[in-house]
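**Student:** Submitted below is the structure of interest, expressed as structure tokens.
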Amino acid sequence: MPKSLTPDAVPEYREAVPATVPWRELALFVGITFLGITAVALAWAAFGEFDDESDALLFGGVGMFTPAAGLVLTAVITGDIRTPRRWLASTGLIPATPWRRHVAYLAIGLALPLLLLALTLGIGVVAGVYEPGRPFPFDALAAELTANLLTFLPLLVLMFGEEWGWGYLLPRLLPLGVWPGVLLSGLIWGLFHAPLTLQGYLYPNLPGLLGTLLFTVGSVLLGCLMAWIRMESGSLWPAVALHGSSNLLANPIPAVIGTATDPANANVHTSLPGSWPSWIAMAIVIGALALTGRYRWK
């Protein structure tokens, strides 16, 4: 394993990458997390509606905290929680960069999904699957962004529930190598949504297996970007900002400023990360980061 990935190569507060993959610990974490999200998905199907916004906030919010619950329970069972500062640092909660640099990465996390959405919609227009409003509805866009920003911080706590778990998972997979660890982390994140997507969540008009495949591909790609900002910043919080910006700021915009030419399957063509145009947009950014050597643990 490269020296830059060994525990001795980083300060004590950054001891997040073990010498070898702790498979037993990760199996426990993944098992608890997946059992949790499956229970939430079954409860949602039995007592709620997948297309109801209040049910999405209730059941979806609980579901997004299952990785955090898996992390805490795993730490209790393995005893990691007995060294709280080291444990919190190893999950990215304590930033390992100066505050000015940290703020810069938070800003990048907020802005990147909006850039990706612009690329996604541009690709959609060229491909003929999306039509922007004519004249362009600048007022509607400004109103939507303002409204979303007002609810951004309160709802960001839901993204924290997921990212705390994935921020714990990623460094523990990096002994496999940076790219195997990043891709496997993204795959696990994508499959985490399977109990929901198999029932039609996000893609109600597609077969469940196809919807799961589409969202898993998108999750791997977006997971590569969240892994990059997690490694580059040495902190969990920019990844939380990126995830929150994707869900809360970027994804509501396409329906406000235009229309998908196939409205029944709009998520296939306009959503981030679940649409094929967004895969191209994310691949472009990932390729640029990879070619400039940005994928490394700092």
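Chains: A, B, ... in order of the structure tokens. Residues: from 1 per chain. Ligands: from 1, in order shown.
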Among region 29-139 of chain A, which ones does DSSP assign to helix (DSSP H, G or I) (computed from the backbone)? Answer as a PyMOL selection string.

**Tutor:** chain A and resi 29-47+53-64+66-78+80-82+84-90+99-127+138-139

**Student:** Would you please extract all strand (DSSP E) residues from region 89-290 of chain A, as assigned by DSSP on the backbone, and give them as a PDB file with C-alpha atoms, in the first residue's frame?

**Tutor:**
ATOM      1  CA  TYR A 130     -35.408  18.547 -22.389  1.00  0.00           C
ATOM      2  CA  GLU A 131     -36.841  21.899 -23.441  1.00  0.00           C
ATOM      3  CA  PRO A 132     -36.060  25.075 -21.462  1.00  0.00           C
ATOM      4  CA  GLY A 258     -38.420  23.837 -18.543  1.00  0.00           C
ATOM      5  CA  THR A 259     -40.005  20.482 -19.330  1.00  0.00           C
ATOM      6  CA  ALA A 260     -38.788  17.001 -20.135  1.00  0.00           C
TER       7      ALA A 260
END

**Student:** Would you please work out which residue, of A:Val157, A:Val240, A:Leu149, A:Ala227, is nearest to Leu183 (chain A) when using only C-alpha atoms?

**Tutor:** A:Ala227

**Student:** Within 9 Å of Leu119 (chain A), counting only C-alpha atoms, which residues show up once you throw out same-chain ones fewer than 2 positions away? Write them as an NGL selection string, please.

**Tutor:** :A and (114-117 or 121-124 or 277-278 or 280-282)

**Student:** Counting only C-alpha atoms, figure out which residue out of A:Tyr201, A:Trp179, A:Trp99, A:Trp237 gets nearest to Gly223 (chain A).

**Tutor:** A:Trp179

**Student:** Quick one: residues within 7 Å of region 163-172 of chain A, only C-alpha atoms counted, chain neighbours fewer than 4 positions away excluded, as a PyMOL selection string?

**Tutor:** chain A and resi 16-18+21-22+67-68+71+90-92+159+181-182+185+236+239-240

**Student:** Okay, now the selection with N, CA and C atoms, as a PDB file, in the first residue's frame?

**Tutor:**
ATOM      1  N   ALA A  16      -7.617   7.992   9.706  1.00  0.00           N
ATOM      2  CA  ALA A  16      -8.864   7.479   9.157  1.00  0.00           C
ATOM      3  C   ALA A  16      -8.656   6.285   8.239  1.00  0.00           C
ATOM      4  N   VAL A  17      -7.434   6.056   7.776  1.00  0.00           N
ATOM      5  CA  VAL A  17      -7.170   4.971   6.834  1.00  0.00           C
ATOM      6  C   VAL A  17      -6.389   3.873   7.542  1.00  0.00           C
ATOM      7  N   PRO A  18      -6.995   2.710   7.745  1.00  0.00           N
ATOM      8  CA  PRO A  18      -6.278   1.625   8.424  1.00  0.00           C
ATOM      9  C   PRO A  18      -5.267   0.965   7.503  1.00  0.00           C
ATOM     10  N   VAL A  21      -8.102  -3.444   5.227  1.00  0.00           N
ATOM     11  CA  VAL A  21      -9.558  -3.259   5.277  1.00  0.00           C
ATOM     12  C   VAL A  21     -10.130  -4.062   6.454  1.00  0.00           C
ATOM     13  N   PRO A  22     -10.846  -3.413   7.364  1.00  0.00           N
ATOM     14  CA  PRO A  22     -11.466  -4.137   8.489  1.00  0.00           C
ATOM     15  C   PRO A  22     -12.782  -4.786   8.055  1.00  0.00           C
ATOM     16  N   PRO A  67     -27.520   4.950   7.803  1.00  0.00           N
ATOM     17  CA  PRO A  67     -26.057   4.791   7.819  1.00  0.00           C
ATOM     18  C   PRO A  67     -25.424   5.326   9.101  1.00  0.00           C
ATOM     19  N   ALA A  68     -25.942   6.453   9.622  1.00  0.00           N
ATOM     20  CA  ALA A  68     -25.420   6.980  10.888  1.00  0.00           C
ATOM     21  C   ALA A  68     -25.702   6.010  12.027  1.00  0.00           C
ATOM     22  N   LEU A  71     -23.294   3.186  11.751  1.00  0.00           N
ATOM     23  CA  LEU A  71     -21.973   3.610  12.208  1.00  0.00           C
ATOM     24  C   LEU A  71     -21.879   3.597  13.730  1.00  0.00           C
ATOM     25  N   SER A  90     -11.813  10.103  12.691  1.00  0.00           N
ATOM     26  CA  SER A  90     -11.706   9.064  11.664  1.00  0.00           C
ATOM     27  C   SER A  90     -12.950   8.967  10.806  1.00  0.00           C
ATOM     28  N   THR A  91     -14.041   9.613  11.221  1.00  0.00           N
ATOM     29  CA  THR A  91     -15.244   9.657  10.380  1.00  0.00           C
ATOM     30  C   THR A  91     -15.412  11.013   9.710  1.00  0.00           C
ATOM     31  N   GLY A  92     -14.421  11.881   9.828  1.00  0.00           N
ATOM     32  CA  GLY A  92     -14.425  13.144   9.096  1.00  0.00           C
ATOM     33  C   GLY A  92     -15.135  14.291   9.764  1.00  0.00           C
ATOM     34  N   MET A 159     -28.956  14.910   5.061  1.00  0.00           N
ATOM     35  CA  MET A 159     -27.792  14.502   4.284  1.00  0.00           C
ATOM     36  C   MET A 159     -26.651  14.073   5.214  1.00  0.00           C
ATOM     37  N   GLY A 181     -11.369   1.538  -3.798  1.00  0.00           N
ATOM     38  CA  GLY A 181     -12.092   1.969  -2.617  1.00  0.00           C
ATOM     39  C   GLY A 181     -13.199   2.953  -2.941  1.00  0.00           C
ATOM     40  N   VAL A 182     -12.894   3.906  -3.826  1.00  0.00           N
ATOM     41  CA  VAL A 182     -13.887   4.913  -4.211  1.00  0.00           C
ATOM     42  C   VAL A 182     -15.066   4.258  -4.933  1.00  0.00           C
ATOM     43  N   SER A 185     -17.167   2.010  -2.574  1.00  0.00           N
ATOM     44  CA  SER A 185     -17.970   2.852  -1.693  1.00  0.00           C
ATOM     45  C   SER A 185     -19.203   3.375  -2.423  1.00  0.00           C
ATOM     46  N   LEU A 236     -15.723  15.637   6.412  1.00  0.00           N
ATOM     47  CA  LEU A 236     -17.025  15.132   5.996  1.00  0.00           C
ATOM     48  C   LEU A 236     -17.929  16.236   5.459  1.00  0.00           C
ATOM     49  N   ALA A 239     -18.655  17.103   1.721  1.00  0.00           N
ATOM     50  CA  ALA A 239     -19.451  16.060   1.075  1.00  0.00           C
ATOM     51  C   ALA A 239     -20.916  16.189   1.458  1.00  0.00           C
ATOM     52  N   VAL A 240     -21.195  16.559   2.703  1.00  0.00           N
ATOM     53  CA  VAL A 240     -22.573  16.816   3.128  1.00  0.00           C
ATOM     54  C   VAL A 240     -23.162  17.967   2.313  1.00  0.00           C
TER      55      VAL A 240
END

**Student:** Using only C-alpha atoms, which of the listed residues (A:Gly211, A:Pro137, A:Pro254, A:Gly177) sits closest to Leu191 (chain A)?

**Tutor:** A:Gly211

**Student:** Nearest to Gly109 (chain A) among A:Cys224, A:Val256, A:Ala241, A:Ala250, with distances taken over only C-alpha atoms: which residue is it?

**Tutor:**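 Closest to Gly109 (chain A) of all the choices is A:Ala241.
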
**Student:** Which one is closest to Leu206 (chain A): A:Val268, A:Gly190, A:Ser246, A:Ala45? Count only C-alpha atoms.

**Tutor:**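 Closest residue, counting only C-alpha atoms: A:Val268.
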